[in-house]
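entry.csv (CSV, C-alpha atoms) appears below.
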chain,number,residue,atom,x,y,z
W,1,MET,CA,-46.3,-51.3,-13.2
W,2,PHE,CA,-46.4,-55.1,-12.9
W,3,ALA,CA,-44.3,-57.7,-14.8
W,4,GLU,CA,-44.0,-61.4,-14.6
W,5,LEU,CA,-41.1,-63.0,-16.4
W,6,ASP,CA,-39.6,-66.5,-16.6
W,7,SER,CA,-36.7,-68.2,-18.4
W,8,GLY,CA,-39.0,-70.2,-20.6
W,9,LYS,CA,-40.1,-67.1,-22.6
W,10,ASP,CA,-37.9,-64.2,-21.5
W,11,SER,CA,-34.3,-63.4,-21.8
W,12,HIS,CA,-31.8,-62.5,-19.0
W,13,GLU,CA,-31.5,-59.2,-20.7
W,14,ARG,CA,-35.2,-58.5,-20.2
W,15,LEU,CA,-34.9,-59.7,-16.6
W,16,LEU,CA,-32.0,-57.3,-15.9
W,17,SER,CA,-33.6,-54.3,-17.7
W,18,THR,CA,-36.8,-54.8,-15.7
W,19,PHE,CA,-34.9,-55.0,-12.5
W,20,ARG,CA,-33.1,-51.7,-13.3
W,21,VAL,CA,-36.4,-49.9,-13.6
W,22,LEU,CA,-37.0,-50.6,-9.9
W,23,VAL,CA,-33.4,-50.3,-8.8
W,24,PRO,CA,-31.7,-48.0,-11.3
W,25,ASP,CA,-28.6,-47.2,-9.1
W,26,VAL,CA,-27.0,-50.7,-9.2
W,27,ARG,CA,-24.7,-52.6,-11.5
W,28,ILE,CA,-25.5,-56.3,-11.8
W,29,GLU,CA,-23.3,-59.2,-12.8
W,30,LEU,CA,-24.4,-62.8,-13.2
W,31,ASN,CA,-21.9,-65.2,-11.8
W,32,GLY,CA,-22.2,-67.7,-14.7
W,33,PRO,CA,-23.5,-68.1,-18.2
W,34,ARG,CA,-26.6,-66.1,-18.9
W,35,ARG,CA,-28.3,-69.1,-20.5
W,36,ALA,CA,-27.7,-71.4,-17.6
W,37,GLY,CA,-30.4,-72.4,-15.2
W,38,GLN,CA,-34.1,-71.6,-14.9
W,39,TRP,CA,-35.6,-68.6,-13.2
W,40,ARG,CA,-38.8,-66.7,-12.7
W,41,ALA,CA,-39.5,-63.2,-11.4
W,42,GLN,CA,-42.3,-60.8,-10.6
W,43,PHE,CA,-41.8,-57.1,-10.4
W,44,ALA,CA,-44.2,-54.3,-9.3
W,45,MET,CA,-44.0,-50.6,-8.6
W,46,ALA,CA,-46.9,-48.5,-7.3
W,47,ASN,CA,-47.8,-46.1,-4.5
W,48,ARG,CA,-44.1,-45.1,-3.9
W,49,LEU,CA,-43.1,-48.7,-3.4
W,50,SER,CA,-41.0,-51.1,-5.4
W,51,TRP,CA,-41.4,-54.9,-4.9
W,52,TRP,CA,-39.9,-57.9,-6.6
W,53,GLN,CA,-39.7,-61.7,-6.1
W,54,LEU,CA,-37.1,-63.8,-7.7
W,55,GLU,CA,-36.3,-67.5,-7.9
W,56,THR,CA,-33.2,-68.5,-9.9
W,57,GLU,CA,-30.4,-71.0,-10.3
W,58,THR,CA,-28.0,-68.3,-11.4
W,59,GLU,CA,-25.8,-66.6,-8.7
W,60,TRP,CA,-25.2,-62.9,-9.1
W,61,THR,CA,-23.5,-59.8,-7.5
W,62,CYS,CA,-24.7,-56.2,-7.4
W,63,TRP,CA,-22.6,-53.0,-6.8
W,64,PRO,CA,-24.4,-49.8,-5.9
W,65,GLU,CA,-23.4,-47.0,-8.3
W,66,ARG,CA,-24.5,-44.1,-6.2
W,67,ASP,CA,-23.6,-43.3,-2.6
W,68,GLU,CA,-27.1,-42.4,-1.3
W,69,GLU,CA,-29.5,-43.3,1.5
W,70,ARG,CA,-31.8,-46.2,0.7
W,71,PHE,CA,-34.2,-48.5,2.6
W,72,CYS,CA,-34.6,-52.0,1.1
W,73,LEU,CA,-35.8,-55.1,2.9
W,74,VAL,CA,-34.7,-58.5,1.6
W,75,PHE,CA,-36.4,-61.7,2.7
W,76,PRO,CA,-34.6,-64.9,1.5
W,77,ALA,CA,-36.9,-67.8,0.9
W,78,SER,CA,-34.2,-70.2,0.0
W,79,GLY,CA,-30.4,-69.9,-0.2
W,80,THR,CA,-28.7,-66.9,1.2
W,81,PHE,CA,-28.5,-63.2,0.5
W,82,GLY,CA,-25.4,-61.3,1.6
W,83,ALA,CA,-24.1,-57.7,1.7
W,84,GLN,CA,-20.9,-56.0,2.5
W,85,ILE,CA,-21.7,-53.0,4.7
W,86,ARG,CA,-19.1,-50.7,6.1
W,87,GLY,CA,-16.5,-53.3,5.4
W,88,LYS,CA,-18.3,-56.1,7.2
W,89,SER,CA,-19.9,-59.1,5.4
W,90,LEU,CA,-23.4,-60.0,6.6
W,91,GLN,CA,-25.6,-62.9,5.4
W,92,ALA,CA,-29.4,-63.4,5.7
W,93,ASP,CA,-31.4,-66.6,5.3
W,94,SER,CA,-35.0,-67.6,5.7
W,95,SER,CA,-34.9,-66.8,9.4
W,96,ARG,CA,-33.3,-63.4,9.0
W,97,ALA,CA,-34.1,-60.4,6.8
W,98,LEU,CA,-31.5,-58.0,5.6
W,99,VAL,CA,-32.3,-54.3,5.7
W,100,LEU,CA,-30.2,-52.1,3.4
W,101,GLY,CA,-30.6,-48.7,4.9
W,102,VAL,CA,-27.2,-46.9,4.7
W,103,LYS,CA,-25.0,-45.4,2.1
W,104,ASP,CA,-22.0,-47.6,2.8
W,105,ILE,CA,-23.0,-50.7,0.9
W,106,SER,CA,-20.1,-52.0,-1.1
W,107,LYS,CA,-21.9,-54.9,-2.8
W,108,THR,CA,-24.7,-57.5,-2.4
W,109,TRP,CA,-24.9,-61.1,-3.6
W,110,ALA,CA,-27.1,-64.2,-3.7
W,111,HIS,CA,-26.1,-67.8,-3.4
W,112,GLY,CA,-28.2,-70.9,-3.8
W,113,THR,CA,-28.9,-74.0,-1.8
W,114,ASP,CA,-28.8,-77.0,-4.2
W,115,ASP,CA,-28.2,-74.6,-7.0
W,116,ARG,CA,-31.4,-72.6,-6.3
W,117,HIS,CA,-32.2,-69.5,-4.3
W,118,GLY,CA,-35.2,-67.2,-4.0
W,119,ARG,CA,-36.1,-64.0,-2.2
W,120,MET,CA,-38.6,-61.3,-1.9
W,121,SER,CA,-37.5,-57.6,-1.7
W,122,LEU,CA,-39.3,-54.4,-0.9
W,123,LYS,CA,-37.8,-51.0,-1.5
W,124,LEU,CA,-39.3,-47.8,0.1
W,125,LYS,CA,-38.6,-44.2,-0.8
W,126,ALA,CA,-35.9,-42.9,1.4
W,127,ALA,CA,-37.8,-39.7,2.0
W,128,ASP,CA,-40.8,-41.5,3.3
W,129,VAL,CA,-38.6,-43.6,5.7
W,130,ARG,CA,-36.8,-40.5,6.9
W,131,ARG,CA,-40.2,-38.8,7.7
W,132,THR,CA,-41.3,-41.8,9.7
W,133,LEU,CA,-37.9,-42.0,11.5
W,134,THR,CA,-37.9,-38.4,12.6
W,135,SER,CA,-41.4,-38.7,13.9
W,136,ILE,CA,-40.0,-41.3,16.4
W,137,PHE,CA,-36.5,-39.9,17.0
W,138,GLN,CA,-36.4,-36.2,16.1
W,139,ASP,CA,-32.6,-36.0,15.5
W,140,ALA,CA,-32.2,-39.4,13.8
W,141,THR,CA,-31.2,-40.1,10.2
W,142,LEU,CA,-30.8,-43.3,8.3
W,143,GLU,CA,-27.0,-42.8,8.6
W,144,ASN,CA,-26.7,-42.0,12.3
W,145,ILE,CA,-29.3,-44.4,13.7
W,146,GLU,CA,-26.9,-47.3,13.0
W,147,LEU,CA,-29.7,-49.8,12.5
W,148,HIS,CA,-28.4,-53.4,12.7
W,149,PRO,CA,-28.9,-54.8,9.1
W,150,LEU,CA,-30.0,-58.3,10.2
W,151,LEU,CA,-33.6,-58.6,11.4
W,152,ASP,CA,-34.6,-61.7,13.4
W,153,LEU,CA,-37.8,-63.0,11.7
W,154,ASP,CA,-38.5,-65.5,14.4
W,155,SER,CA,-39.1,-62.7,17.0
W,156,PRO,CA,-42.6,-61.4,17.5
W,157,ALA,CA,-41.7,-58.2,15.7
W,158,GLY,CA,-40.1,-60.2,12.9
W,159,GLN,CA,-43.2,-62.3,12.4
W,160,THR,CA,-45.3,-59.2,12.2
W,161,LEU,CA,-42.9,-57.6,9.8
W,162,GLY,CA,-43.1,-60.7,7.6
W,163,SER,CA,-46.9,-60.5,7.6
W,164,LEU,CA,-46.9,-56.8,6.6
W,165,VAL,CA,-44.6,-57.4,3.7
W,166,HIS,CA,-46.6,-60.4,2.5
W,167,ALA,CA,-49.7,-58.2,2.6
W,168,ILE,CA,-48.0,-55.6,0.4
W,169,ALA,CA,-46.8,-58.4,-1.9
W,170,ALA,CA,-50.4,-59.6,-2.4
W,171,ALA,CA,-51.6,-56.1,-3.1
W,172,MET,CA,-48.7,-55.4,-5.6
W,173,LYS,CA,-49.5,-58.6,-7.5
W,174,ASP,CA,-53.3,-57.9,-7.7
W,175,GLU,CA,-54.5,-54.4,-8.5
W,176,SER,CA,-58.1,-55.4,-7.7
W,177,ILE,CA,-57.3,-55.7,-4.0
W,178,ARG,CA,-54.8,-52.8,-3.9
W,179,SER,CA,-55.8,-49.8,-1.9
W,180,ALA,CA,-53.7,-46.6,-2.0
W,181,LYS,CA,-54.7,-45.7,1.5
W,182,ALA,CA,-53.9,-49.2,2.9
W,183,ILE,CA,-50.5,-49.2,1.1
W,184,ALA,CA,-49.8,-45.7,2.5
W,185,LEU,CA,-50.5,-47.0,6.0
W,186,LEU,CA,-48.3,-50.1,5.5
W,187,ARG,CA,-45.6,-47.9,4.0
W,188,GLU,CA,-45.4,-46.1,7.3
W,189,ALA,CA,-46.0,-49.1,9.5
W,190,ILE,CA,-43.1,-51.1,8.2
W,191,PRO,CA,-40.2,-48.7,9.0
W,192,ARG,CA,-42.0,-47.7,12.2
W,193,LEU,CA,-42.0,-51.4,13.3
W,194,VAL,CA,-38.4,-51.8,12.4
W,195,PHE,CA,-37.2,-48.7,14.2
W,196,LYS,CA,-39.2,-49.5,17.3
W,197,ASN,CA,-38.3,-53.1,17.7
W,198,PHE,CA,-34.9,-53.9,16.2
W,199,PRO,CA,-31.4,-52.9,17.5
W,200,HIS,CA,-30.0,-49.5,16.7
W,201,ARG,CA,-28.3,-46.6,18.4
W,202,PHE,CA,-31.4,-44.9,19.7
W,203,ILE,CA,-33.5,-47.9,20.7
W,204,ASP,CA,-33.0,-47.3,24.5
W,205,ARG,CA,-34.8,-44.0,24.2
W,206,LEU,CA,-38.1,-45.8,23.8
W,207,ALA,CA,-37.7,-47.6,27.1
W,208,ARG,CA,-37.1,-44.2,28.8
W,209,HIS,CA,-40.4,-42.9,27.5
W,210,GLY,CA,-42.4,-45.9,28.4
W,211,THR,CA,-45.5,-46.6,26.2
W,212,ASP,CA,-45.5,-44.2,23.3
W,213,ALA,CA,-48.5,-42.0,22.6
W,214,SER,CA,-50.2,-42.7,19.3
W,215,PRO,CA,-51.1,-39.9,16.9
W,216,ARG,CA,-54.8,-40.7,17.6
W,217,GLN,CA,-54.2,-40.2,21.4
W,218,ILE,CA,-52.5,-36.9,20.7
W,219,ARG,CA,-55.4,-35.8,18.5
W,220,ALA,CA,-57.8,-36.8,21.4
W,221,ALA,CA,-55.7,-34.8,23.8
W,222,VAL,CA,-56.0,-31.7,21.5
W,223,ASP,CA,-59.8,-32.2,21.3
W,224,PHE,CA,-60.0,-32.5,25.1
W,225,MET,CA,-58.0,-29.2,25.4
W,226,ARG,CA,-60.3,-27.4,23.0
W,227,ALA,CA,-63.4,-28.6,24.9
W,228,HIS,CA,-62.0,-27.5,28.3
W,229,MET,CA,-60.0,-24.4,27.5
W,230,HIS,CA,-61.9,-22.3,30.1
W,231,GLU,CA,-60.9,-24.6,32.9
W,232,PRO,CA,-57.6,-24.7,34.8
W,233,LEU,CA,-56.4,-27.9,33.2
W,234,THR,CA,-53.4,-29.8,34.5
W,235,LEU,CA,-51.1,-32.2,32.6
W,236,ALA,CA,-52.4,-35.1,34.7
W,237,GLU,CA,-56.0,-34.4,33.8
W,238,ILE,CA,-55.2,-34.3,30.0
W,239,ALA,CA,-53.2,-37.5,30.2
W,240,GLU,CA,-55.9,-39.3,32.2
W,241,ALA,CA,-58.6,-38.2,29.7
W,242,VAL,CA,-56.8,-40.0,26.8
W,243,GLY,CA,-55.6,-42.9,28.8
W,244,ILE,CA,-51.8,-42.4,28.9
W,245,GLY,CA,-49.2,-41.3,31.3
W,246,GLU,CA,-47.9,-37.8,31.6
W,247,ARG,CA,-44.4,-38.7,30.3
W,248,SER,CA,-45.9,-40.4,27.3
W,249,LEU,CA,-48.2,-37.4,26.7
W,250,GLN,CA,-45.2,-35.0,26.8
W,251,HIS,CA,-43.2,-37.2,24.5
W,252,GLY,CA,-46.1,-37.6,22.1
W,253,PHE,CA,-46.6,-33.9,21.8
W,254,ARG,CA,-42.9,-33.4,21.1
W,255,THR,CA,-43.0,-36.2,18.5
W,256,PHE,CA,-46.2,-35.3,16.6
W,257,ARG,CA,-46.6,-31.6,17.3
W,258,ALA,CA,-43.0,-30.4,17.9
W,259,THR,CA,-44.0,-28.7,21.2
W,260,THR,CA,-45.1,-29.5,24.7
W,261,PRO,CA,-48.7,-30.0,25.9
W,262,VAL,CA,-48.6,-26.9,28.1
W,263,ALA,CA,-47.3,-24.7,25.2
W,264,TYR,CA,-49.9,-26.1,22.8
W,265,LEU,CA,-52.7,-25.4,25.3
W,266,ARG,CA,-51.4,-21.9,25.8
W,267,ASP,CA,-51.3,-21.3,22.0
W,268,LEU,CA,-54.9,-22.5,21.7
W,269,ARG,CA,-56.0,-20.1,24.4
W,270,LEU,CA,-54.1,-17.2,22.8
W,271,GLN,CA,-55.9,-17.9,19.6
W,272,GLN,CA,-59.3,-17.6,21.4
W,273,VAL,CA,-58.2,-14.4,23.1
W,274,HIS,CA,-57.1,-12.9,19.8
W,275,ALA,CA,-60.3,-14.0,18.0
W,276,GLU,CA,-62.4,-12.4,20.7
W,277,LEU,CA,-60.4,-9.2,20.9
W,278,SER,CA,-60.6,-8.9,17.1
W,279,LEU,CA,-64.4,-8.8,17.2
W,280,ALA,CA,-65.8,-5.4,16.6
W,281,GLU,CA,-68.7,-6.2,18.9
W,282,ASN,CA,-66.5,-7.1,21.9
W,283,THR,CA,-67.1,-4.8,24.9
W,284,LEU,CA,-65.0,-6.7,27.5
W,285,PRO,CA,-61.7,-5.2,28.6
W,286,VAL,CA,-58.5,-7.1,27.8
W,287,GLY,CA,-58.1,-8.4,31.4
W,288,GLU,CA,-61.5,-10.0,31.5
W,289,VAL,CA,-61.0,-11.7,28.1
W,290,ALA,CA,-57.7,-13.0,29.2
W,291,LEU,CA,-59.1,-14.4,32.4
W,292,LYS,CA,-62.0,-16.0,30.5
W,293,TRP,CA,-59.5,-18.0,28.5
W,294,GLY,CA,-57.4,-19.1,31.5
W,295,PHE,CA,-54.7,-16.4,31.7
W,296,THR,CA,-54.2,-15.3,35.3
W,297,HIS,CA,-50.8,-13.5,35.0
W,298,MET,CA,-51.3,-10.5,32.9
W,299,GLY,CA,-47.7,-9.6,32.4
W,300,ARG,CA,-46.8,-13.1,31.0
W,301,PHE,CA,-50.0,-13.1,29.0
W,302,ALA,CA,-49.2,-9.8,27.3
W,303,ALA,CA,-45.6,-10.9,26.4
W,304,LYS,CA,-46.8,-14.1,24.8
W,305,TYR,CA,-49.6,-12.3,23.0
W,306,GLN,CA,-47.1,-9.7,21.6
W,307,ALA,CA,-44.7,-12.5,20.5
W,308,ALA,CA,-47.5,-14.4,18.7
W,309,TYR,CA,-49.3,-11.5,17.0
W,310,GLY,CA,-46.8,-8.7,16.8
W,311,GLN,CA,-49.0,-6.3,18.7
W,312,SER,CA,-50.3,-5.9,22.2
W,313,PRO,CA,-53.7,-7.1,23.2
W,314,SER,CA,-54.8,-3.5,23.7
W,315,GLU,CA,-53.8,-2.7,20.2
W,316,THR,CA,-55.9,-5.5,18.8
W,317,ARG,CA,-58.9,-4.4,20.8
W,318,ARG,CA,-58.5,-0.7,19.7
W,319,ALA,CA,-58.2,-1.7,16.1
W,320,ALA,CA,-61.4,-3.7,16.4
W,321,ARG,CA,-63.2,-0.9,18.1
W,322,GLY,CA,-62.0,1.5,15.5
W,323,MET,CA,-63.4,-0.7,12.8
W,324,ARG,CA,-66.7,-0.7,14.7
W,325,SER,CA,-66.7,3.1,14.8
W,326,SER,CA,-66.0,3.5,11.1
W,327,GLU,CA,-68.7,1.1,10.2
W,328,SER,CA,-71.3,2.9,12.4
W,329,ASN,CA,-70.3,6.2,10.6
Just dump the structure as structure tokens.
Amino acid sequence: MFAELDSGKDSHERLLSTFRVLVPDVRIELNGPRRAGQWRAQFAMANRLSWWQLETETEWTCWPERDEERFCLVFPASGTFGAQIRGKSLQADSSRALVLGVKDISKTWAHGTDDRHGRMSLKLKAADVRRTLTSIFQDATLENIELHPLLDLDSPAGQTLGSLVHAIAAAMKDESIRSAKAIALLREAIPRLVFKNFPHRFIDRLARHGTDASPRQIRAAVDFMRAHMHEPLTLAEIAEAVGIGERSLQHGFRTFRATTPVAYLRDLRLQQVHAELSLAENTLPVGEVALKWGFTHMGRFAAKYQAAYGQSPSETRRAARGMRSSESN
């Protein structure tokens, strides 16, 4: 969807109805006559994003009609944009964006400078933002993270954020340059940038973990594990192979794989043991197969194997040999 409207050819009623397609859960009131002033607007909705840009001489107020999580970024170009959040009035201007990311928004409003104001807004699906958020802070929600709603656009992170949003704006306006894959990456990059660089309740956790491991580095660590499963790998060797510290490696596995590097490597080795013991042509005893794949403590190995596959290693081997005998008969 893309729509471009202006006061020279379109009514305020069409402006408001188009806006409600993108933001259906708000009630809008114009603070003045509907015929007063000039305005122009662009609206777009694609790839799980809603985007709009508005310049107007009419001031207005919005009231959310549903108490739900949301994630909307507002970038004033002229004039100011305000919101009442948890009883506190906040105001953004051209140097500060406003992020509406909680349920407790009483109202929002726009005021002009010299009777004119403009802004660009981007709304992301709350479910997509929650997924990105929990990949960084496992127990965080849009409600409990307590993200500060005002974002400093003059900071390095703020300048990067502005560039990303303008890239989305260009793609939303022109379908010929729009890439679903690129939009999906930007859709994740924007909240990730916000949650990693602007004040909120959990921001100090990032400092404790040092440089974060990227998904690509964790995939590289998994590839390294697969290629060296026969060897007595240490955490330090895996971290060095992918160019990060041990703490970052551990944090990255918890974030992207919901486990630890040691447990992940053990599970990879258990899979190989299970696959080999399940082969009808296998003639090696259980102990030798376990040692081959890096298990030196047979008691702990047997317990982990039983927990993973619901049977002992010997039972797996007997079942495979029984299959071999039945096939030979």
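Closest approach to Trp51 of chain W among W:Leu233, W:Met172, W:Ile28, W:Ile105: W:Met172, based on only C-alpha atoms.
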Residues near Ala320 of chain W, cut-off 7 Å, all atoms listed in the file, skip fewer than 4 positions along chain, as number ranges by chain: W: 278-280, 316, 324
For atom CA of Pro199 of chain W and atom CA of His148 of chain W, the interatomic separation in Å (one decimal):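 Pair atom CA of Pro199 of chain W / atom CA of His148 of chain W returns 5.7 Å.
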Nearest-residue call for Phe256 of chain W, choices W:Gln91, W:Asn144, W:Thr132, W:Thr160, using all atoms listed in the file: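 Looking only at the distances to Phe256 of chain W, the closest residue turns out to be W:Thr132.
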Protein, DNA and RNA residues within 9 Å of (-27.8, -46.0, -11.3), only C-alpha atoms, as a list in words: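 Output of the proximity query reads Arg20, Val23, Pro24, Asp25, Val26, Arg27, Pro64, Glu65 and Arg66 of chain W.
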Neighbour list for Ala92 of chain W as a ChimeraX atom specification, cut-off 10 Å, all atoms listed in the file, skip fewer than 4 positions in-chain: /W:74-77,79-83,96-99,110,149-152
Pairwise distance for atom CA of Gln84 of chain W and atom CA of Thr108 of chain W, rounded to one decimal in Å: 6.4 Å
Nearest to Thr61 of chain W by atom-to-atom distance, counting only C-alpha atoms, from W:Thr296, W:Thr259, W:Ser106, W:Gln271: W:Ser106
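Note that atom CA of Leu193 of chain W and atom CA of Ile136 of chain W are 10.8 Å apart.
Checking W:Ala213, W:Ser7, W:Leu22, W:Leu265 one by one against Gln250 of chain W, counting only C-alpha atoms, you find the shortest gap at W:Ala213.
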Option closest in space to Val242 of chain W, from W:Arg131, W:His166, W:Lys304, W:Arg216 [counting only C-alpha atoms]: W:Arg216
Surrounding residues of Leu186 of chain W excluding itself and chain neighbours under 3 positions, 9 Å, all atoms listed in the file, as a count of residues only: 10
Selection: 9 Å around Asn47 of chain W, only C-alpha atoms, excl. self and same-chain fewer than 6 positions, as JSON, numbers by chain: {"W": [180, 183, 184, 187]}
Top pick for closest residue to Gly162 of chain W, considering W:Met120, W:Val129, W:Ala140, W:Ile238 and counting all atoms listed in the file: W:Met120
Local residues around (-33.2, -68.4, -18.0), at most 9 Å away, using only C-alpha atoms, as a list of chain:residue names: W:Asp6, W:Ser7, W:Gly8, W:Lys9, W:Asp10, W:Ser11, W:His12, W:Leu15, W:Arg34, W:Arg35, W:Ala36, W:Gly37, W:Gln38, W:Trp39, W:Arg40, W:Thr56, W:Glu57, W:Thr58
Missing atoms of segment 221-244 of chain W rebuilt to N, CA and C atoms, written as an mmCIF file, in the frame of the given file:
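So the final result, stored in result_26.cif, reads:
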data_model
loop_
_atom_site.group_PDB
_atom_site.id
_atom_site.type_symbol
_atom_site.label_atom_id
_atom_site.label_comp_id
_atom_site.auth_asym_id
_atom_site.auth_seq_id
_atom_site.Cartn_x
_atom_site.Cartn_y
_atom_site.Cartn_z
ATOM 1 N N ALA W 221 -56.124 -35.725 22.817
ATOM 2 C CA ALA W 221 -55.700 -34.800 23.800
ATOM 3 C C ALA W 221 -55.983 -33.325 23.357
ATOM 4 N N VAL W 222 -55.727 -33.046 22.086
ATOM 5 C CA VAL W 222 -56.000 -31.700 21.500
ATOM 6 C C VAL W 222 -57.523 -31.433 21.607
ATOM 7 N N ASP W 223 -58.347 -32.433 21.248
ATOM 8 C CA ASP W 223 -59.800 -32.200 21.300
ATOM 9 C C ASP W 223 -60.247 -31.979 22.747
ATOM 10 N N PHE W 224 -59.629 -32.683 23.705
ATOM 11 C CA PHE W 224 -60.000 -32.500 25.100
ATOM 12 C C PHE W 224 -59.588 -31.060 25.542
ATOM 13 N N MET W 225 -58.425 -30.603 25.110
ATOM 14 C CA MET W 225 -58.000 -29.200 25.400
ATOM 15 C C MET W 225 -58.994 -28.209 24.886
ATOM 16 N N ARG W 226 -59.391 -28.392 23.631
ATOM 17 C CA ARG W 226 -60.300 -27.400 23.000
ATOM 18 C C ARG W 226 -61.653 -27.376 23.757
ATOM 19 N N ALA W 227 -62.088 -28.536 24.237
ATOM 20 C CA ALA W 227 -63.400 -28.600 24.900
ATOM 21 C C ALA W 227 -63.342 -28.049 26.334
ATOM 22 N N HIS W 228 -62.144 -27.893 26.907
ATOM 23 C CA HIS W 228 -62.000 -27.500 28.300
ATOM 24 C C HIS W 228 -61.066 -26.302 28.478
ATOM 25 N N MET W 229 -60.960 -25.463 27.462
ATOM 26 C CA MET W 229 -60.000 -24.400 27.500
ATOM 27 C C MET W 229 -60.297 -23.349 28.633
ATOM 28 N N HIS W 230 -61.587 -23.237 29.026
ATOM 29 C CA HIS W 230 -61.900 -22.300 30.100
ATOM 30 C C HIS W 230 -61.510 -22.765 31.465
ATOM 31 N N GLU W 231 -61.195 -24.046 31.571
ATOM 32 C CA GLU W 231 -60.900 -24.600 32.900
ATOM 33 C C GLU W 231 -59.411 -24.637 33.164
ATOM 34 N N PRO W 232 -59.035 -24.639 34.433
ATOM 35 C CA PRO W 232 -57.600 -24.700 34.800
ATOM 36 C C PRO W 232 -57.034 -26.085 34.669
ATOM 37 N N LEU W 233 -56.816 -26.522 33.431
ATOM 38 C CA LEU W 233 -56.400 -27.900 33.200
ATOM 39 C C LEU W 233 -54.982 -28.157 33.682
ATOM 40 N N THR W 234 -54.777 -29.387 34.140
ATOM 41 C CA THR W 234 -53.400 -29.800 34.500
ATOM 42 C C THR W 234 -52.978 -30.910 33.508
ATOM 43 N N LEU W 235 -51.692 -31.129 33.472
ATOM 44 C CA LEU W 235 -51.100 -32.200 32.600
ATOM 45 C C LEU W 235 -51.708 -33.527 32.945
ATOM 46 N N ALA W 236 -51.858 -33.784 34.227
ATOM 47 C CA ALA W 236 -52.400 -35.100 34.700
ATOM 48 C C ALA W 236 -53.810 -35.288 34.191
ATOM 49 N N GLU W 237 -54.633 -34.238 34.218
ATOM 50 C CA GLU W 237 -56.000 -34.400 33.800
ATOM 51 C C GLU W 237 -56.096 -34.662 32.268
ATOM 52 N N ILE W 238 -55.236 -34.020 31.484
ATOM 53 C CA ILE W 238 -55.200 -34.300 30.000
ATOM 54 C C ILE W 238 -54.788 -35.687 29.743
ATOM 55 N N ALA W 239 -53.708 -36.120 30.432
ATOM 56 C CA ALA W 239 -53.200 -37.500 30.200
ATOM 57 C C ALA W 239 -54.239 -38.519 30.613
ATOM 58 N N GLU W 240 -54.908 -38.304 31.745
ATOM 59 C CA GLU W 240 -55.900 -39.300 32.200
ATOM 60 C C GLU W 240 -57.092 -39.330 31.224
ATOM 61 N N ALA W 241 -57.451 -38.190 30.645
ATOM 62 C CA ALA W 241 -58.600 -38.200 29.700
ATOM 63 C C ALA W 241 -58.358 -39.004 28.475
ATOM 64 N N VAL W 242 -57.099 -39.165 28.059
ATOM 65 C CA VAL W 242 -56.800 -40.000 26.800
ATOM 66 C C VAL W 242 -56.167 -41.293 27.159
ATOM 67 N N GLY W 243 -56.022 -41.612 28.453
ATOM 68 C CA GLY W 243 -55.600 -42.900 28.800
ATOM 69 C C GLY W 243 -54.102 -43.219 28.710
ATOM 70 N N ILE W 244 -53.256 -42.209 28.894
ATOM 71 C CA ILE W 244 -51.800 -42.400 28.900
ATOM 72 C C ILE W 244 -51.162 -41.707 30.033
#
